[in-house]
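S.K.: Sharing start_22.pdb below, PDB, C-alpha atoms and all ligand atoms:
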```
ATOM      1  CA  MET A  39      82.094 108.065  88.476
ATOM      2  CA  GLU A  40      81.623 105.655  91.381
ATOM      3  CA  ILE A  41      82.014 102.007  92.257
ATOM      4  CA  LYS A  42      80.020  99.910  94.724
ATOM      5  CA  LEU A  43      81.958  97.233  96.524
ATOM      6  CA  PHE A  44      81.435  94.191  98.696
ATOM      7  CA  CYS A  45      84.303  94.119 101.207
ATOM      8  CA  PRO A  46      84.549  90.539 102.479
ATOM      9  CA  ALA A  47      85.128  89.301 105.991
ATOM     10  CA  THR A  48      88.211  87.139 106.436
ATOM     11  CA  ILE A  49      89.611  84.563 108.840
ATOM     12  CA  ALA A  50      93.267  85.134 109.672
ATOM     13  CA  ASN A  51      95.857  82.786 111.193
ATOM     14  CA  LEU A  52      93.926  79.544 110.558
ATOM     15  CA  SER A  53      95.381  78.104 113.763
ATOM     16  CA  CYS A  54      98.904  77.239 112.622
ATOM     17  CA  GLY A  55      99.665  80.336 110.516
ATOM     18  CA  PHE A  56      99.793  83.298 112.895
ATOM     19  CA  ASP A  57     100.153  86.476 110.792
ATOM     20  CA  VAL A  58     100.744  84.503 107.577
ATOM     21  CA  LEU A  59      97.603  82.522 106.651
ATOM     22  CA  GLY A  60      94.105  83.766 105.896
ATOM     23  CA  LEU A  61      90.954  82.994 103.943
ATOM     24  CA  CYS A  62      88.133  85.007 102.389
ATOM     25  CA  LEU A  63      84.450  84.421 103.221
ATOM     26  CA  ASP A  64      82.010  84.819 100.356
ATOM     27  CA  ASN A  65      78.834  85.970 102.100
ATOM     28  CA  ALA A  66      79.845  88.063 105.104
ATOM     29  CA  GLY A  67      81.228  91.556 104.704
ATOM     30  CA  ASP A  68      80.737  95.307 104.440
ATOM     31  CA  GLU A  69      79.630  97.463 101.559
ATOM     32  CA  MET A  70      81.407 100.546 100.320
ATOM     33  CA  ILE A  71      80.945 103.200  97.670
ATOM     34  CA  VAL A  72      84.039 104.930  96.338
ATOM     35  CA  ARG A  73      83.554 107.868  93.984
ATOM     36  CA  LYS A  74      85.703 110.414  92.212
ATOM     37  CA  SER A  75      85.215 113.984  93.384
ATOM     38  CA  ASP A  76      86.405 117.397  92.248
ATOM     39  CA  GLN A  77      87.948 118.014  95.636
ATOM     40  CA  LYS A  78      91.507 116.692  95.886
ATOM     41  CA  GLY A  79      92.479 114.162  98.549
ATOM     42  CA  VAL A  80      90.363 111.527 100.290
ATOM     43  CA  ARG A  81      87.212 112.213 102.294
ATOM     44  CA  ILE A  82      85.149 109.720 104.282
ATOM     45  CA  THR A  83      81.684 111.164 103.751
ATOM     46  CA  LYS A  84      79.475 108.580 105.445
ATOM     47  CA  ILE A  85      79.773 105.665 107.853
ATOM     48  CA  VAL A  86      76.671 103.615 108.605
ATOM     49  CA  GLY A  87      76.573 100.772 111.137
ATOM     50  CA  ALA A  88      79.563 101.703 113.289
ATOM     51  CA  ASP A  89      80.838 104.561 115.361
ATOM     52  CA  LEU A  90      84.131 105.197 113.552
ATOM     53  CA  PRO A  91      86.039 108.418 112.860
ATOM     54  CA  LEU A  92      85.283 110.318 109.664
ATOM     55  CA  GLU A  93      88.669 112.087 109.702
ATOM     56  CA  THR A  94      90.699 110.593 106.878
ATOM     57  CA  GLU A  95      93.904 110.234 108.927
ATOM     58  CA  LYS A  96      92.059 108.468 111.754
ATOM     59  CA  ASN A  97      90.077 106.084 109.596
ATOM     60  CA  VAL A  98      91.638 102.829 108.324
ATOM     61  CA  SER A  99      90.114 103.307 104.839
ATOM     62  CA  GLY A 100      91.455 106.847 104.704
ATOM     63  CA  VAL A 101      94.948 105.878 105.814
ATOM     64  CA  ALA A 102      95.140 102.994 103.336
ATOM     65  CA  ALA A 103      93.899 105.253 100.527
ATOM     66  CA  LEU A 104      96.408 107.994 101.388
ATOM     67  CA  ALA A 105      99.256 105.453 101.452
ATOM     68  CA  MET A 106      98.312 104.403  97.946
ATOM     69  CA  LEU A 107      97.871 107.921  96.549
ATOM     70  CA  ALA A 108     101.239 108.978  97.998
ATOM     71  CA  THR A 109     102.914 106.615  95.513
ATOM     72  CA  LEU A 110     101.194 108.124  92.461
ATOM     73  CA  ASP A 111     101.684 111.425  90.633
ATOM     74  CA  GLU A 112      99.495 114.140  92.149
ATOM     75  CA  LEU A 113      95.931 113.962  90.814
ATOM     76  CA  ASP A 114      93.738 116.988  90.041
ATOM     77  CA  PHE A 115      90.729 115.229  91.577
ATOM     78  CA  GLY A 116      90.058 113.225  94.736
ATOM     79  CA  PHE A 117      87.890 110.505  96.206
ATOM     80  CA  GLU A 118      84.906 110.173  98.537
ATOM     81  CA  ILE A 119      84.252 107.003 100.483
ATOM     82  CA  GLU A 120      80.955 105.824 101.991
ATOM     83  CA  ILE A 121      81.203 102.848 104.336
ATOM     84  CA  TYR A 122      78.325 100.551 105.302
ATOM     85  CA  LYS A 123      79.671  98.372 108.119
ATOM     86  CA  HIS A 124      78.216  94.951 108.795
ATOM     87  CA  ILE A 125      81.354  93.414 110.312
ATOM     88  CA  LYS A 126      81.649  94.484 113.934
ATOM     89  CA  ALA A 127      84.907  96.019 115.133
ATOM     90  CA  GLY A 128      86.897  93.671 117.344
ATOM     91  CA  SER A 129      85.007  90.587 116.114
ATOM     92  CA  GLY A 130      88.006  88.699 114.714
ATOM     93  CA  ILE A 131      86.752  88.443 111.137
ATOM     94  CA  GLY A 132      88.700  91.307 109.635
ATOM     95  CA  SER A 133      86.574  94.424 110.122
ATOM     96  CA  SER A 134      89.452  96.886 109.644
ATOM     97  CA  ALA A 135      90.851  94.790 106.797
ATOM     98  CA  ALA A 136      87.564  94.928 104.885
ATOM     99  CA  SER A 137      87.552  98.738 105.073
ATOM    100  CA  SER A 138      91.252  99.115 104.251
ATOM    101  CA  ALA A 139      91.142  96.673 101.352
ATOM    102  CA  GLY A 140      87.882  98.125  99.997
ATOM    103  CA  ALA A 141      89.247 101.657  99.847
ATOM    104  CA  VAL A 142      92.381 100.805  97.902
ATOM    105  CA  PHE A 143      90.574  98.354  95.652
ATOM    106  CA  GLY A 144      87.908 100.943  94.793
ATOM    107  CA  ILE A 145      90.363 103.747  94.091
ATOM    108  CA  ASN A 146      92.523 101.442  91.993
ATOM    109  CA  GLU A 147      89.518 100.525  89.855
ATOM    110  CA  LEU A 148      88.535 104.190  89.384
ATOM    111  CA  LEU A 149      92.095 104.995  88.317
ATOM    112  CA  GLY A 150      92.117 102.271  85.653
ATOM    113  CA  ARG A 151      94.084  99.744  87.747
ATOM    114  CA  PRO A 152      97.597 101.169  88.024
ATOM    115  CA  TYR A 153      98.256  98.413  90.584
ATOM    116  CA  SER A 154      97.681  94.662  90.703
ATOM    117  CA  ARG A 155      95.620  93.257  93.570
ATOM    118  CA  LYS A 156      98.809  91.917  95.141
ATOM    119  CA  ASP A 157     100.382  95.383  94.946
ATOM    120  CA  LEU A 158      97.406  96.805  96.843
ATOM    121  CA  VAL A 159      98.121  94.635  99.902
ATOM    122  CA  GLN A 160     101.001  96.873 101.050
ATOM    123  CA  PHE A 161      98.695  99.932 101.118
ATOM    124  CA  ALA A 162      95.822  98.151 102.869
ATOM    125  CA  MET A 163      98.329  96.995 105.510
ATOM    126  CA  GLN A 164      98.706 100.639 106.573
ATOM    127  CA  GLY A 165      95.051 100.585 107.630
ATOM    128  CA  GLU A 166      95.784  97.508 109.741
ATOM    129  CA  LYS A 167      98.713  99.334 111.300
ATOM    130  CA  LEU A 168      96.420 102.152 112.362
ATOM    131  CA  ALA A 169      93.849  99.707 113.759
ATOM    132  CA  SER A 170      96.131  97.414 115.761
ATOM    133  CA  GLY A 171      99.579  98.978 115.787
ATOM    134  CA  ASN A 172     100.820  96.185 113.542
ATOM    135  CA  ALA A 173     100.781  96.034 109.736
ATOM    136  CA  HIS A 174      99.798  92.376 109.479
ATOM    137  CA  ALA A 175      98.650  91.222 106.015
ATOM    138  CA  ASP A 176      96.784  88.021 106.833
ATOM    139  CA  ASN A 177      93.334  89.654 106.627
ATOM    140  CA  VAL A 178      93.897  92.251 103.881
ATOM    141  CA  ALA A 179      95.574  89.743 101.538
ATOM    142  CA  PRO A 180      92.613  87.319 101.398
ATOM    143  CA  ALA A 181      90.177  90.274 101.314
ATOM    144  CA  LEU A 182      91.905  91.558  98.163
ATOM    145  CA  LEU A 183      92.852  88.285  96.489
ATOM    146  CA  GLY A 184      90.122  85.878  97.617
ATOM    147  CA  GLY A 185      90.578  82.193  98.457
ATOM    148  CA  PHE A 186      93.403  81.359 100.836
ATOM    149  CA  THR A 187      96.528  83.455 101.070
ATOM    150  CA  LEU A 188      99.955  82.806 102.533
ATOM    151  CA  VAL A 189     102.299  85.650 103.414
ATOM    152  CA  ARG A 190     105.523  83.833 102.556
ATOM    153  CA  SER A 191     107.537  86.892 103.546
ATOM    154  CA  TYR A 192     106.862  90.374 104.940
ATOM    155  CA  ALA A 193     110.142  91.952 103.861
ATOM    156  CA  PRO A 194     110.050  91.863 100.943
ATOM    157  CA  LEU A 195     106.304  91.309 100.824
ATOM    158  CA  ASP A 196     105.561  88.025  99.052
ATOM    159  CA  ILE A 197     101.962  86.820  98.999
ATOM    160  CA  ILE A 198     100.876  83.478  97.569
ATOM    161  CA  ARG A 199      97.210  82.918  96.663
ATOM    162  CA  ILE A 200      95.857  79.401  96.941
ATOM    163  CA  ASP A 201      92.489  78.254  95.549
ATOM    164  CA  SER A 202      90.095  76.754  98.039
ATOM    165  CA  PRO A 203      89.003  73.146  97.496
ATOM    166  CA  GLU A 204      85.409  73.202  96.156
ATOM    167  CA  GLU A 205      83.720  71.501  99.089
ATOM    168  CA  LEU A 206      85.420  73.423 101.887
ATOM    169  CA  PHE A 207      83.091  75.527 104.059
ATOM    170  CA  ALA A 208      83.684  77.749 107.061
ATOM    171  CA  THR A 209      81.440  78.193 110.080
ATOM    172  CA  VAL A 210      82.258  81.274 112.176
ATOM    173  CA  VAL A 211      80.586  82.185 115.430
ATOM    174  CA  HIS A 212      81.035  85.586 117.048
ATOM    175  CA  PRO A 213      80.201  85.768 120.749
ATOM    176  CA  GLN A 214      79.095  89.384 121.006
ATOM    177  CA  ILE A 215      82.018  90.817 122.889
ATOM    178  CA  GLU A 216      84.669  93.096 121.422
ATOM    179  CA  LEU A 217      88.273  91.983 121.609
ATOM    180  CA  LYS A 218      90.744  94.510 120.256
ATOM    181  CA  THR A 219      93.528  92.978 118.167
ATOM    182  CA  SER A 220      96.054  95.133 120.023
ATOM    183  CA  ASP A 221      94.883  93.639 123.360
ATOM    184  CA  ALA A 222      94.878  90.104 121.943
ATOM    185  CA  ARG A 223      98.438  90.679 120.703
ATOM    186  CA  SER A 224      99.593  92.004 124.047
ATOM    187  CA  VAL A 225      99.078  88.589 125.705
ATOM    188  CA  LEU A 226     101.466  86.862 123.286
ATOM    189  CA  LYS A 227     105.011  85.843 124.116
ATOM    190  CA  GLN A 228     107.784  87.248 121.957
ATOM    191  CA  ASN A 229     109.730  83.974 121.866
ATOM    192  CA  VAL A 230     108.683  80.422 121.070
ATOM    193  CA  SER A 231     110.464  77.162 121.804
ATOM    194  CA  LEU A 232     112.120  75.251 118.978
ATOM    195  CA  LYS A 233     109.806  72.324 119.745
ATOM    196  CA  SER A 234     106.671  74.467 119.238
ATOM    197  CA  ALA A 235     108.121  76.093 116.134
ATOM    198  CA  ILE A 236     108.760  72.676 114.567
ATOM    199  CA  THR A 237     105.163  71.616 115.248
ATOM    200  CA  GLN A 238     103.818  74.887 113.894
ATOM    201  CA  TRP A 239     105.753  75.026 110.618
ATOM    202  CA  GLY A 240     105.028  71.343 110.027
ATOM    203  CA  ASN A 241     101.331  72.195 110.226
ATOM    204  CA  VAL A 242     101.629  75.276 107.973
ATOM    205  CA  GLY A 243     103.291  73.086 105.334
ATOM    206  CA  GLY A 244     100.639  70.400 105.864
ATOM    207  CA  LEU A 245      97.778  72.871 105.476
ATOM    208  CA  VAL A 246      99.189  74.333 102.266
ATOM    209  CA  ALA A 247      99.836  70.834 100.874
ATOM    210  CA  GLY A 248      96.292  69.813 101.850
ATOM    211  CA  LEU A 249      94.795  72.803 100.018
ATOM    212  CA  TYR A 250      96.741  72.087  96.822
ATOM    213  CA  THR A 251      95.980  68.357  96.834
ATOM    214  CA  LYS A 252      92.371  68.850  98.085
ATOM    215  CA  ASP A 253      93.155  66.433 100.907
ATOM    216  CA  TYR A 254      90.494  67.389 103.460
ATOM    217  CA  GLU A 255      91.858  65.085 106.158
ATOM    218  CA  LEU A 256      95.309  66.624 105.836
ATOM    219  CA  ILE A 257      93.776  70.109 106.056
ATOM    220  CA  GLY A 258      92.056  69.032 109.269
ATOM    221  CA  ARG A 259      95.171  67.427 110.794
ATOM    222  CA  SER A 260      97.083  70.636 110.161
ATOM    223  CA  LEU A 261      94.641  72.982 111.907
ATOM    224  CA  HIS A 262      96.427  73.118 115.240
ATOM    225  CA  ASP A 263      98.083  75.913 117.147
ATOM    226  CA  GLU A 264     100.162  75.397 120.243
ATOM    227  CA  ILE A 265     101.692  78.877 120.285
ATOM    228  CA  VAL A 266      98.914  81.496 120.163
ATOM    229  CA  GLU A 267      95.651  79.690 120.917
ATOM    230  CA  PRO A 268      96.527  78.620 124.482
ATOM    231  CA  LEU A 269      97.248  82.260 125.390
ATOM    232  CA  ARG A 270      94.252  83.835 123.663
ATOM    233  CA  SER A 271      91.520  81.229 124.145
ATOM    234  CA  VAL A 272      91.122  82.211 127.805
ATOM    235  CA  LEU A 273      89.821  85.590 126.586
ATOM    236  CA  ILE A 274      86.960  83.939 124.674
ATOM    237  CA  PRO A 275      83.801  82.812 126.498
ATOM    238  CA  GLY A 276      82.959  79.146 125.901
ATOM    239  CA  PHE A 277      85.980  78.573 123.643
ATOM    240  CA  ASP A 278      86.759  74.985 124.710
ATOM    241  CA  GLN A 279      83.133  73.942 124.514
ATOM    242  CA  ILE A 280      82.560  75.511 121.088
ATOM    243  CA  LYS A 281      85.675  73.865 119.710
ATOM    244  CA  LYS A 282      84.749  70.470 121.173
ATOM    245  CA  THR A 283      81.238  70.821 119.718
ATOM    246  CA  ALA A 284      82.673  71.644 116.285
ATOM    247  CA  TYR A 285      84.744  68.440 116.266
ATOM    248  CA  GLU A 286      81.845  66.349 117.592
ATOM    249  CA  ASN A 287      79.745  67.582 114.688
ATOM    250  CA  GLY A 288      82.221  66.709 111.970
ATOM    251  CA  ALA A 289      84.586  69.697 111.701
ATOM    252  CA  LEU A 290      87.902  69.061 110.004
ATOM    253  CA  GLY A 291      89.408  71.574 112.410
ATOM    254  CA  SER A 292      88.510  74.539 114.596
ATOM    255  CA  GLY A 293      90.269  77.445 116.277
ATOM    256  CA  ILE A 294      90.295  81.177 116.961
ATOM    257  CA  SER A 295      89.378  83.357 113.994
ATOM    258  CA  GLY A 296      92.086  86.015 113.706
ATOM    259  CA  SER A 297      92.659  87.563 117.099
ATOM    260  CA  GLY A 298      89.187  86.490 118.304
ATOM    261  CA  PRO A 299      86.714  86.382 119.885
ATOM    262  CA  SER A 300      85.157  84.688 116.820
ATOM    263  CA  ILE A 301      85.767  80.958 116.562
ATOM    264  CA  PHE A 302      85.891  79.176 113.205
ATOM    265  CA  ALA A 303      85.494  75.616 112.031
ATOM    266  CA  LEU A 304      86.288  74.249 108.579
ATOM    267  CA  SER A 305      84.334  71.350 107.198
ATOM    268  CA  LYS A 306      83.778  69.328 104.045
ATOM    269  CA  GLY A 307      80.357  70.164 102.625
ATOM    270  CA  LYS A 308      77.702  72.712 103.522
ATOM    271  CA  GLU A 309      75.553  70.222 105.378
ATOM    272  CA  THR A 310      78.269  69.615 107.961
ATOM    273  CA  ALA A 311      79.007  73.345 108.201
ATOM    274  CA  ASP A 312      75.294  74.008 108.894
ATOM    275  CA  GLN A 313      75.169  71.246 111.494
ATOM    276  CA  ILE A 314      78.197  72.764 113.235
ATOM    277  CA  ALA A 315      76.503  76.181 113.167
ATOM    278  CA  LYS A 316      73.426  74.710 114.832
ATOM    279  CA  ALA A 317      75.510  72.959 117.496
ATOM    280  CA  MET A 318      77.606  76.080 118.182
ATOM    281  CA  SER A 319      74.417  78.146 118.476
ATOM    282  CA  ASP A 320      73.050  75.669 121.025
ATOM    283  CA  VAL A 321      76.174  76.128 123.161
ATOM    284  CA  TYR A 322      75.821  79.907 123.298
ATOM    285  CA  GLU A 323      72.020  79.706 123.714
ATOM    286  CA  LYS A 324      72.583  77.535 126.792
ATOM    287  CA  MET A 325      75.150  79.999 128.106
ATOM    288  CA  ASN A 326      72.652  82.792 127.436
ATOM    289  CA  LEU A 327      75.311  84.616 125.464
ATOM    290  CA  PRO A 328      74.358  86.689 122.397
ATOM    291  CA  TYR A 329      76.188  85.579 119.241
ATOM    292  CA  GLU A 330      76.198  85.932 115.471
ATOM    293  CA  ILE A 331      76.949  83.018 113.178
ATOM    294  CA  HIS A 332      77.920  82.652 109.514
ATOM    295  CA  VAL A 333      78.262  79.645 107.263
ATOM    296  CA  SER A 334      80.229  80.534 104.178
ATOM    297  CA  LYS A 335      82.007  79.126 101.198
ATOM    298  CA  ILE A 336      85.596  80.262 100.808
ATOM    299  CA  ASN A 337      85.902  82.377  97.711
TER
HETATM  300  N1  LIG B 401      97.287  87.844 112.713
HETATM  301  C1  LIG B 401      96.503  88.841 113.391
HETATM  302  C2  LIG B 401      96.483  88.516 114.877
HETATM  303  C3  LIG B 401      95.114  88.822 112.844
HETATM  304  O1  LIG B 401      96.199  87.362 115.199
HETATM  305  O2  LIG B 401      96.779  89.366 115.704
HETATM  306  C4  LIG B 401      94.184  89.826 113.440
HETATM  307  O3  LIG B 401      92.903  89.664 112.846
END
```
For this file, produce the structure as structure tokens.
Ligand code: HSE
M.R.:
Amino acid sequence: MEIKLFCPATIANLSCGFDVLGLCLDNAGDEMIVRKSDQKGVRITKIVGADLPLETEKNVSGVAALAMLATLDELDFGFEIEIYKHIKAGSGIGSSAASSAGAVFGINELLGRPYSRKDLVQFAMQGEKLASGNAHADNVAPALLGGFTLVRSYAPLDIIRIDSPEELFATVVHPQIELKTSDARSVLKQNVSLKSAITQWGNVGGLVAGLYTKDYELIGRSLHDEIVEPLRSVLIPGFDQIKKTAYENGALGSGISGSGPSIFALSKGKETADQIAKAMSDVYEKMNLPYEIHVSKIN
């Protein structure tokens, strides 16, 4: 018995919500096959498209799967995982999250769903911990639940799923450099001023309110980040110009996707999202910098 999966790419943080907000893209992601096998335990049998370890304990899918199986009665069978990577490591659109979430989702399905999708987040987070040293949930939660997700609390884990307004589209450009999440986290300060915190939580509230009320302008006004973006944007080639271009072409808001180097823009309607993609491409063409670009609905 086997299951074939699409493991979606995700955008974490969404400017104001470092480590707590994320969204799921509907047309960018990896593929995975998870199958039952006679051999106990979890084996990664194939990885295509990336140079990643096959050893279960060193692979984010393997670690997430083992974390899940450790909570269940011992099984007299095991699982094999084949991974077809399309999301590049260190791209900022949730490469490790897609693999971690896919593994636990697939195994859960093959076991007859002992866990809810929300329950699976805690296991997928262990894959993130292996990848970046930090068990953040803002990529794995939207990968498993779809739409937008808010991590209201980490301890205890409390994830809220929020539907995306129908006409909201994301444009994501990946300048082809690798930026490890652990490196992008190492530039952050451990303390923030009360003034910045007030601005930031005002915007998180505004963004969530905008999503529920389908108020696109409010969503746009809330997409700001004065805590993380100023420290990380210097690591991303052409960041200021790409962001400026996004706004000039009708974006509601724009910022760093996850820990970067990808840059996202949200817009109302596909036409605007396509126009932003074209304008962003022009910027990187002029800079002679290779890039990859996606326009996606949030799903
Ligand atoms: N919240 C995480 C970070 C997301 O910004 O470090 C990583 O994709």
S.K.: Would you mind listing the residues within 8 Å of ligand LIG 401 (chain B), counting all atoms listed in the file, as a PyMOL selection string?
M.R.: chain A and resi 49-51+56-58+130-132+174-177+219-220+222-223+295-298
S.K.: Would you mind exporting C-alpha atoms of the selected residues as an mmCIF file, keeping the file's coordinate frame?
M.R.:
```cif
data_model
loop_
_atom_site.group_PDB
_atom_site.id
_atom_site.type_symbol
_atom_site.label_atom_id
_atom_site.label_comp_id
_atom_site.auth_asym_id
_atom_site.auth_seq_id
_atom_site.Cartn_x
_atom_site.Cartn_y
_atom_site.Cartn_z
ATOM 1 C CA ILE A 49 89.611 84.563 108.840
ATOM 2 C CA ALA A 50 93.267 85.134 109.672
ATOM 3 C CA ASN A 51 95.857 82.786 111.193
ATOM 4 C CA PHE A 56 99.793 83.298 112.895
ATOM 5 C CA ASP A 57 100.153 86.476 110.792
ATOM 6 C CA VAL A 58 100.744 84.503 107.577
ATOM 7 C CA GLY A 130 88.006 88.699 114.714
ATOM 8 C CA ILE A 131 86.752 88.443 111.137
ATOM 9 C CA GLY A 132 88.700 91.307 109.635
ATOM 10 C CA HIS A 174 99.798 92.376 109.479
ATOM 11 C CA ALA A 175 98.650 91.222 106.015
ATOM 12 C CA ASP A 176 96.784 88.021 106.833
ATOM 13 C CA ASN A 177 93.334 89.654 106.627
ATOM 14 C CA THR A 219 93.528 92.978 118.167
ATOM 15 C CA SER A 220 96.054 95.133 120.023
ATOM 16 C CA ALA A 222 94.878 90.104 121.943
ATOM 17 C CA ARG A 223 98.438 90.679 120.703
ATOM 18 C CA SER A 295 89.378 83.357 113.994
ATOM 19 C CA GLY A 296 92.086 86.015 113.706
ATOM 20 C CA SER A 297 92.659 87.563 117.099
ATOM 21 C CA GLY A 298 89.187 86.490 118.304
#
```
S.K.: On this structure, the PyMOL selection byres (((chain A and resi 309-323) around 12) and not hetatm) would catch which residues? List them as a PyMOL selection string, sorted by chain and number.
M.R.: chain A and resi 205-214+274-292+300-308+324-335
S.K.: Nearest residue to Leu52 in chain A out of A:Ala127, A:Leu245, A:Ala169, A:Val230, using all atoms listed in the file?
M.R.: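 Nearest to Leu52 in chain A: A:Leu245.
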S.K.: CA of Val189 in chain A and CA of Leu59 in chain A, how far apart in Å?
M.R.: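 Going from CA of Leu59 in chain A over to CA of Val189 in chain A, I get 6.5 Å.
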S.K.: Considering only C-alpha atoms, return as a PyMOL selection string whatever protein or nucleic-acid residues lie within 9 Å of Ser75 in chain A, sequence-local ones (same chain, fewer than 2 positions apart) excluded.
M.R.: chain A and resi 39+73+77-80+115-118
